[in-house]
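Presented below is the structure to which this report refers.
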Amino acid sequence: MGALACFGEKTTSSIVGFILFGVGIVFFFLGLTVLPIFGFIISLPAFAASYPLLRSAFKEACEYYGK
């Protein structure tokens, strides 16, 4: 198993993490301007869900292969 052993998992994790982070930013600004309660209700879980995905995507070690 080389350096690309968990490339797919890291790529998928980073893409989903960035999408959730972007959704969190959009709804945060919507919460500040248009939808005060609804925007914050959506943005906080999106930020919380994006953190572990982005953290695991940029780790040096692969979690599933024990490296």
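Just so we're on the same page: first chain in the structure tokens is A, next is B, and so on; residues restart at 1 for each chain, and ligands are numbered from 1 in the order they show up.
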
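Those residues that approach region 51-61 of chain A to within 8 Å, counting only C-alpha atoms, are Glu9, Lys10, Thr11, Ser13, Ser14, Val16, Gly17, Phe18 and Lys67 of chain A; same-chain residues fewer than 6 positions away are not listed.
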
Next on the checklist: DSSP on the backbone: which residues in chain A end up as alpha helix (DSSP H)? Give the answer as a PyMOL selection string.
Outcome noted: chain A and resi 7-33+36-57

Extract, using only C-alpha atoms, all DNA, RNA and protein residues at most 9 Å from Val23 (chain A), discarding same-chain residues fewer than 5 positions from it, and format them as an mmCIF file with N, CA and C atoms, in the first residue's frame.
```
data_model
loop_
_atom_site.group_PDB
_atom_site.id
_atom_site.type_symbol
_atom_site.label_atom_id
_atom_site.label_comp_id
_atom_site.auth_asym_id
_atom_site.auth_seq_id
_atom_site.Cartn_x
_atom_site.Cartn_y
_atom_site.Cartn_z
ATOM 1 N N PHE A 18 -15.845 20.495 2.725
ATOM 2 C CA PHE A 18 -15.892 21.847 2.166
ATOM 3 C C PHE A 18 -17.310 22.246 1.759
ATOM 4 N N PHE A 28 -25.136 31.053 7.635
ATOM 5 C CA PHE A 28 -24.753 32.000 8.675
ATOM 6 C C PHE A 28 -25.047 33.427 8.222
ATOM 7 N N ILE A 42 -29.503 26.052 10.900
ATOM 8 C CA ILE A 42 -28.878 25.238 9.862
ATOM 9 C C ILE A 42 -27.352 25.392 9.859
ATOM 10 N N SER A 43 -26.861 26.603 10.108
ATOM 11 C CA SER A 43 -25.424 26.836 9.977
ATOM 12 C C SER A 43 -24.600 26.170 11.074
ATOM 13 N N ALA A 46 -24.055 22.473 10.384
ATOM 14 C CA ALA A 46 -23.223 22.313 9.191
ATOM 15 C C ALA A 46 -21.755 22.552 9.530
ATOM 16 N N PHE A 47 -21.476 23.584 10.325
ATOM 17 C CA PHE A 47 -20.098 23.817 10.769
ATOM 18 C C PHE A 47 -19.592 22.658 11.629
#
```

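In this model, the gap between CA of Ser50 (chain A) and CA of Ile25 (chain A) comes to 11.2 Å.
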
Item to check | Residue contacts of region 35-40 of chain A (9 Å, only C-alpha atoms) excluding same-chain residues fewer than 6 positions away, as a list in words | outcome: Gly24, Val26, Phe27, Phe28 and Phe29 of chain A

Next, dump the selected residues to file, keeping only C-alpha atoms, as a short mmCIF file (atom, residue, chain, number, x, y, z; two decimals), in the first residue's frame.
```cif
data_model
loop_
_atom_site.label_atom_id
_atom_site.label_comp_id
_atom_site.auth_asym_id
_atom_site.auth_seq_id
_atom_site.Cartn_x
_atom_site.Cartn_y
_atom_site.Cartn_z
CA GLY A 24 -22.64 26.76 6.96
CA VAL A 26 -24.17 30.71 3.43
CA PHE A 27 -26.74 30.01 6.12
CA PHE A 28 -24.75 32.00 8.68
CA PHE A 29 -24.94 35.09 6.48
#
```
